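To start, the structure itself, in structure tokens.
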Amino acid sequence: MAIIPQLAIVDALSLTDYIPFWSQANGDTRRISVQNLVNLISTAAGITSPTVYRVSPSGEGVTIASPVGRNVWVLSKPSADYAATSFQFPLQTLCQQGDKILFTTNHAITTLTSLGNGSTIIGQPTAMSANGSFTMMYDAVNIGWFRVA
Amino acid sequence: MTTRINKLPTTDIPSLYDLLIMFLGTSMRLCHRAILDVYNFVVAPIKPTMVYASPGSNGLSQSLSPIRYQWLSLTPLTALSTFTILFPPVANSLQNDVIKVTSAAAISTLTLSGNGATVATSISSISPTAPLEFTFDSVASTWYVSIP
């Protein structure tokens, strides 16, 4: 029986190819598709496509549902400027290191209030101009969301 | 007993702690590694390594090690007038290395020391609402602002 370095090599893996692995949960050897392995790693790393929250009614507060996705885009697209609105971050106990939230708006928000939901919020703007944006990232050590862009 | 891989049972919910079989090219032997190890290998360049500093007074500095992607999280106790960030040695910095900097309090005079590299910016302060990010170009030995 050939050992691994004697096997034929492929230059291009397919997402439908299989890799054998030991399943800790089942206590046996199983197979996993490359697609599922990629999904597992990218989901854990928060590098999946963002979960999009679209908000359009004027003045409506924005609440990110829990459990949060690792990568979230709050897309605010009202028909007119906001006088005031609030932005409630995900429940702190469900946040993970490196979670990221991008917030964009096509209309100005005169007063933007943040609700940490257990986390400290550092650097979030208190107002936004039309077509403005900012990005917050979660740090588990400081138990806080920091503005990173 | 020999079983074809495509005859093995599948699983819908794999875990990062499940084990993969690997052949190590350097030592020419078989081993098993957790999927978590593959995750760390893949994600290290795109997920920031945290570096923390809580300067309590003016005039302090923070040296950075050569890491592919790092996030320096400054949490001063109060606003500071002076603070210095010493970038990684230029000889150990690689193309596309990224340094992200946030500060929980304002620093009015922030010195950015390239440690042999050029830091191409006129930025001289930082605040909670104005984070910084720098990306390294090895050809020019220069850190460029990638998020002003």
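Residues are named by chain letter and number: chains run A, B, ... in the order of the structure tokens, numbers start at 1 in each chain, and ligands are numbered from 1 in the order shown.
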ask   = What are the residues of chain B that have an atom within 6 Å of an atom of chain A, counting only C-alpha atoms, as JSON, numbers by chain?
value = {"B": [8, 9, 10, 18, 19, 20, 39, 128, 129, 131]}
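Neighbouring residues of Ser138 of chain B at 12 Å or closer, counting only C-alpha atoms and skipping chain neighbours under 4 positions away, are B:Pro89, B:Val90, B:Ala91, B:Asn92, B:Ser93, B:Leu94, B:Gln95, B:Asn96, B:Asp97, B:Gly116, B:Ala117, B:Thr118, B:Thr142, B:Trp143, B:Tyr144.
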key: Separation of atom CA of Lys47 of chain B from atom CA of Arg33 of chain B, in Å and rounded to one decimal   =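 Those two atoms sit 20.6 Å apart.
Between atom CA of Asn131 of chain A and atom CA of Val62 of chain A the separation is 17.2 Å.
Residues of chain A assigned to alpha helix (DSSP H) by DSSP on this structure's backbone: Val34, Gln35, Asn36, Leu37, Val38, Asn39, Leu40, Ile41, Ser42, Thr43, Ala44 and Ala45 of chain A.
Going from atom CA of Arg70 of chain A to atom CA of Arg68 of chain B covers 21.3 Å.
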request  = Enumerate as a VMD selection string all residues of chain B assigned to strand (DSSP E) by DSSP on the backbone, naming them with the chain letters and numbers the document uses.
outcome  = chain B and resid 19 to 24 29 to 34 49 to 53 60 to 63 69 to 74 80 to 86 98 to 103 107 to 113 118 to 120 132 to 137 142 to 147
